[in-house]
Amino acid sequence: MVFDWSRFYEEQGGRTVRPTFDRALEALGDRPARAIDLGCGDGVETRQLAKHGWEVLAVDADPGVEQRVVAGLADEEAARVTVRRSTFEALRQLPPAELVYAGFALPFCDPEHFPYLWADIRDALVPGGVFAGELFGPHDEWFGRPHMNFHDRAGVESMLAGMEVLELVEDDRRGMSFEGPKHWHVFHIVARA
Ligand SMILES: C[S@@+](CC[C@H](N)C(=O)[O-])C[C@H]1O[C@@H](n2cnc3c(N)ncnc32)[C@H](O)[C@@H]1O
């Protein structure tokens, strides 16, 4: 991995769930089911799901993920969360899920492996299941960093072929990152299998 995520978690402390996540739950009708949170980070979305009765597989490579994600959950809520500390590159197959959420995480998968990860995500989604998350485009300031993947709009659209696109919002503008100001080129995606 090319980033030290501890500063990111510190800066994100106290954040609320991300808009694509909310949109996905709206689309699913918020009936508790099975979710996968890829690159769960600080675990905000995983905890929200567990509190609402979802069974969650939370995946992240960062050391300390096991403790961080379930911190503050009641025992019965924590029991609904399975944390897998793993890189995306080492993941083999994902279990079936009604929701696959990957907030600002997939771009950090090695480009050589990314097509396999995306295929695993598509396979994991049950019919009617929803994917929500972000991909980065070629105008992004981090374009070209090693072990990251980037996609132009046509590439994103072809990845979503065969899905019902509920939201595809493209941001191409300057903004803040945990490393300071940067140019962001981000596709915010919500799509139904
Ligand atoms: C930008 S953070 C996003 C965290 C959270 N989903 C959010 O929206 O705030 C990216 C997360 O992906 C994880 N990550 C980065 N590269 C990874 C990889 N190759 N395999 C597994 N996890 C990775 C990091 O540890 C980090 O927690």
# chains A, B, ... in the order shown; residues from 1 in each chain; ligands from 1

$ residues_near_ligand --ligand "ligand 1" --cutoff "7 Å" --atoms "only C-alpha atoms and all ligand atoms" --output "number ranges by chain"
A: 1, 5, 12, 18, 38-43, 59-62, 86-89, 102-105, 108-110

$ residues_around --residues "Arg23 of chain A" --least-positions-apart "4" --cutoff "9 Å" --atoms "only C-alpha atoms" --output "ChimeraX atom specification"
/A:18-19,27-28,132,166-167,190

$ select_by_dssp --residues "segment 1-188 of chain A" --states "strand (DSSP E)" --output "ChimeraX atom specification"
/A:34-38,55-60,81-85,97-102,125-136,164-177,180-188

$ write_last_selection --atoms "C-alpha atoms" --output "compact mmCIF listing (two decimals), in the first residue's frame"
# COMPACT_ATOMS: atom_id res chain seq x y z
CA ARG A 34 -25.85 -9.14 3.94
CA ALA A 35 -23.23 -6.50 3.17
CA ILE A 36 -19.56 -6.37 2.27
CA ASP A 37 -17.65 -3.19 3.17
CA LEU A 38 -14.45 -3.20 1.09
CA GLU A 55 -24.55 -9.04 8.66
CA VAL A 56 -21.35 -7.38 7.48
CA LEU A 57 -18.07 -8.65 6.10
CA ALA A 58 -15.65 -5.74 6.61
CA VAL A 59 -12.39 -5.95 4.67
CA ASP A 60 -9.32 -3.77 5.04
CA VAL A 81 -19.56 -8.14 11.88
CA THR A 82 -16.85 -10.35 10.43
CA VAL A 83 -13.64 -8.42 9.96
CA ARG A 84 -11.17 -9.77 7.43
CA ARG A 85 -7.79 -8.09 7.53
CA ALA A 97 -24.35 -9.99 -0.62
CA GLU A 98 -27.25 -7.61 -1.14
CA LEU A 99 -24.87 -4.65 -0.71
CA VAL A 100 -21.25 -4.22 -1.70
CA TYR A 101 -19.98 -0.90 -0.47
CA ALA A 102 -16.48 0.41 -1.27
CA LEU A 125 -23.96 -9.25 -5.80
CA VAL A 126 -27.19 -11.22 -5.70
CA PRO A 127 -29.83 -10.23 -8.30
CA GLY A 128 -31.20 -6.85 -7.19
CA GLY A 129 -28.12 -6.27 -5.01
CA VAL A 130 -26.48 -2.86 -5.04
CA PHE A 131 -22.89 -1.71 -5.45
CA ALA A 132 -21.96 1.72 -4.12
CA GLY A 133 -18.58 3.37 -4.06
CA GLU A 134 -15.99 5.46 -5.82
CA LEU A 135 -13.52 5.08 -8.67
CA PHE A 136 -10.92 7.64 -9.69
CA GLU A 164 -28.96 -0.60 -13.60
CA VAL A 165 -27.06 2.62 -12.93
CA LEU A 166 -28.88 4.44 -10.15
CA GLU A 167 -26.30 7.17 -9.82
CA LEU A 168 -23.10 8.06 -11.66
CA VAL A 169 -21.80 11.44 -10.54
CA GLU A 170 -18.45 12.68 -11.85
CA ASP A 171 -16.45 15.23 -9.82
CA ASP A 172 -13.49 16.82 -11.58
CA ARG A 173 -12.34 19.63 -9.36
CA ARG A 174 -9.97 20.85 -6.67
CA GLY A 175 -10.70 19.97 -3.10
CA MET A 176 -9.11 18.85 0.14
CA SER A 177 -7.52 15.51 0.88
CA GLY A 180 -3.71 18.76 1.68
CA PRO A 181 -5.35 20.39 -1.38
CA LYS A 182 -5.51 18.22 -4.50
CA HIS A 183 -7.35 17.82 -7.77
CA TRP A 184 -10.01 15.13 -7.49
CA HIS A 185 -11.45 13.20 -10.41
CA VAL A 186 -13.96 10.87 -8.84
CA PHE A 187 -16.89 8.78 -10.07
CA HIS A 188 -19.50 8.25 -7.36

$ closest_residue --among "A:Glu157, A:Ala33, A:Pro146, A:Ala24" --to "His52 of chain A" --atoms "only C-alpha atoms"
A:Ala33

$ closest_residue --among "A:Val44, A:Val65, A:Ala124, A:Ala119" --to "Met159 of chain A" --atoms "only C-alpha atoms"
A:Ala119

$ select_by_dssp --residues "chain A" --states "alpha helix (DSSP H)" --output "PyMOL selection string"
chain A and resi 6-12+19-28+44-51+65-70+75-78+114-124+153-159

$ write_last_selection --atoms "C-alpha atoms" --output "mmCIF file, in the first residue's frame"
data_model
loop_
_atom_site.group_PDB
_atom_site.id
_atom_site.type_symbol
_atom_site.label_atom_id
_atom_site.label_comp_id
_atom_site.auth_asym_id
_atom_site.auth_seq_id
_atom_site.Cartn_x
_atom_site.Cartn_y
_atom_site.Cartn_z
ATOM 1 C CA SER A 6 -3.522 6.562 10.238
ATOM 2 C CA ARG A 7 -3.643 10.298 9.415
ATOM 3 C CA PHE A 8 -6.681 9.714 7.222
ATOM 4 C CA TYR A 9 -8.537 7.973 10.072
ATOM 5 C CA GLU A 10 -7.620 10.796 12.459
ATOM 6 C CA GLU A 11 -8.875 13.459 10.067
ATOM 7 C CA GLN A 12 -12.045 11.564 9.330
ATOM 8 C CA PRO A 19 -23.734 9.882 0.387
ATOM 9 C CA THR A 20 -23.315 6.889 -1.963
ATOM 10 C CA PHE A 21 -23.864 4.609 1.023
ATOM 11 C CA ASP A 22 -27.083 6.424 1.957
ATOM 12 C CA ARG A 23 -28.271 6.248 -1.644
ATOM 13 C CA ALA A 24 -27.614 2.496 -1.775
ATOM 14 C CA LEU A 25 -29.598 1.897 1.410
ATOM 15 C CA GLU A 26 -32.450 3.975 0.014
ATOM 16 C CA ALA A 27 -32.408 1.813 -3.134
ATOM 17 C CA LEU A 28 -32.411 -1.361 -1.052
ATOM 18 C CA VAL A 44 -18.420 4.090 10.039
ATOM 19 C CA GLU A 45 -20.615 2.373 7.433
ATOM 20 C CA THR A 46 -19.993 -1.120 8.839
ATOM 21 C CA ARG A 47 -21.093 -0.008 12.300
ATOM 22 C CA GLN A 48 -24.204 1.682 10.948
ATOM 23 C CA LEU A 49 -25.157 -1.510 9.106
ATOM 24 C CA ALA A 50 -24.516 -3.720 12.141
ATOM 25 C CA LYS A 51 -26.623 -1.424 14.325
ATOM 26 C CA VAL A 65 -8.816 -2.795 11.600
ATOM 27 C CA GLU A 66 -10.255 -5.577 13.763
ATOM 28 C CA GLN A 67 -10.428 -3.367 16.878
ATOM 29 C CA ARG A 68 -11.267 -0.096 15.144
ATOM 30 C CA VAL A 69 -14.271 -1.304 13.182
ATOM 31 C CA VAL A 70 -16.246 -2.758 16.070
ATOM 32 C CA ASP A 75 -21.847 -7.291 21.739
ATOM 33 C CA GLU A 76 -24.854 -8.415 19.688
ATOM 34 C CA GLU A 77 -24.062 -5.796 17.022
ATOM 35 C CA ALA A 78 -20.368 -6.718 16.929
ATOM 36 C CA PHE A 114 -8.317 -4.800 -10.168
ATOM 37 C CA PRO A 115 -10.230 -6.624 -12.972
ATOM 38 C CA TYR A 116 -10.337 -9.750 -10.789
ATOM 39 C CA LEU A 117 -11.561 -7.770 -7.782
ATOM 40 C CA TRP A 118 -14.269 -6.126 -9.876
ATOM 41 C CA ALA A 119 -15.330 -9.531 -11.233
ATOM 42 C CA ASP A 120 -15.537 -10.843 -7.651
ATOM 43 C CA ILE A 121 -17.717 -7.866 -6.684
ATOM 44 C CA ARG A 122 -20.050 -8.460 -9.633
ATOM 45 C CA ASP A 123 -20.251 -12.164 -8.767
ATOM 46 C CA ALA A 124 -20.943 -11.445 -5.089
ATOM 47 C CA ARG A 153 -15.885 7.575 -17.987
ATOM 48 C CA ALA A 154 -16.132 5.073 -20.841
ATOM 49 C CA GLY A 155 -14.210 2.561 -18.742
ATOM 50 C CA VAL A 156 -16.494 3.079 -15.767
ATOM 51 C CA GLU A 157 -19.578 2.720 -17.955
ATOM 52 C CA SER A 158 -18.283 -0.497 -19.436
ATOM 53 C CA MET A 159 -17.592 -1.880 -15.955
#

$ atom_distance --atom1 "atom CA of Thr16 of chain A" --atom2 "atom CA of Arg80 of chain A"
20.6 Å

$ atom_distance --atom1 "atom CA of Phe3 of chain A" --atom2 "atom CA of Pro107 of chain A"
12.1 Å

$ atom_distance --atom1 "atom CA of Gly13 of chain A" --atom2 "atom CA of Asp140 of chain A"
24.4 Å

$ decode --residues "segment 9-23 of chain A" --atoms "N, CA and C atoms" --output "short mmCIF file (atom, residue, chain, number, x, y, z; two decimals), in the first residue's frame"
data_model
loop_
_atom_site.label_atom_id
_atom_site.label_comp_id
_atom_site.auth_asym_id
_atom_site.auth_seq_id
_atom_site.Cartn_x
_atom_site.Cartn_y
_atom_site.Cartn_z
N TYR A 9 -7.53 8.34 9.07
CA TYR A 9 -8.54 7.97 10.07
C TYR A 9 -8.69 9.10 11.10
N GLU A 10 -7.55 9.69 11.48
CA GLU A 10 -7.62 10.80 12.46
C GLU A 10 -8.46 11.94 11.91
N GLU A 11 -8.17 12.30 10.65
CA GLU A 11 -8.87 13.46 10.07
C GLU A 11 -10.34 13.18 9.83
N GLN A 12 -10.67 11.92 9.63
CA GLN A 12 -12.05 11.56 9.33
C GLN A 12 -12.85 11.30 10.60
N GLY A 13 -12.19 11.37 11.75
CA GLY A 13 -12.85 11.06 13.02
C GLY A 13 -14.16 11.83 13.15
N GLY A 14 -15.23 11.12 13.46
CA GLY A 14 -16.52 11.78 13.69
C GLY A 14 -17.31 12.04 12.42
N ARG A 15 -16.81 11.58 11.26
CA ARG A 15 -17.57 11.82 10.03
C ARG A 15 -18.87 11.02 10.04
N THR A 16 -19.80 11.44 9.18
CA THR A 16 -21.05 10.68 9.02
C THR A 16 -20.89 9.74 7.83
N VAL A 17 -21.89 8.89 7.60
CA VAL A 17 -21.79 7.96 6.47
C VAL A 17 -21.78 8.74 5.16
N ARG A 18 -21.20 8.12 4.15
CA ARG A 18 -21.02 8.82 2.87
C ARG A 18 -22.31 8.77 2.03
N PRO A 19 -22.49 9.78 1.16
CA PRO A 19 -23.73 9.88 0.39
C PRO A 19 -24.04 8.66 -0.49
N THR A 20 -23.01 8.05 -1.11
CA THR A 20 -23.31 6.89 -1.96
C THR A 20 -23.88 5.74 -1.12
N PHE A 21 -23.39 5.65 0.10
CA PHE A 21 -23.86 4.61 1.02
C PHE A 21 -25.35 4.83 1.34
N ASP A 22 -25.68 6.09 1.66
CA ASP A 22 -27.08 6.42 1.96
C ASP A 22 -27.98 6.10 0.77
N ARG A 23 -27.49 6.44 -0.42
CA ARG A 23 -28.27 6.25 -1.64
C ARG A 23 -28.51 4.75 -1.88
#
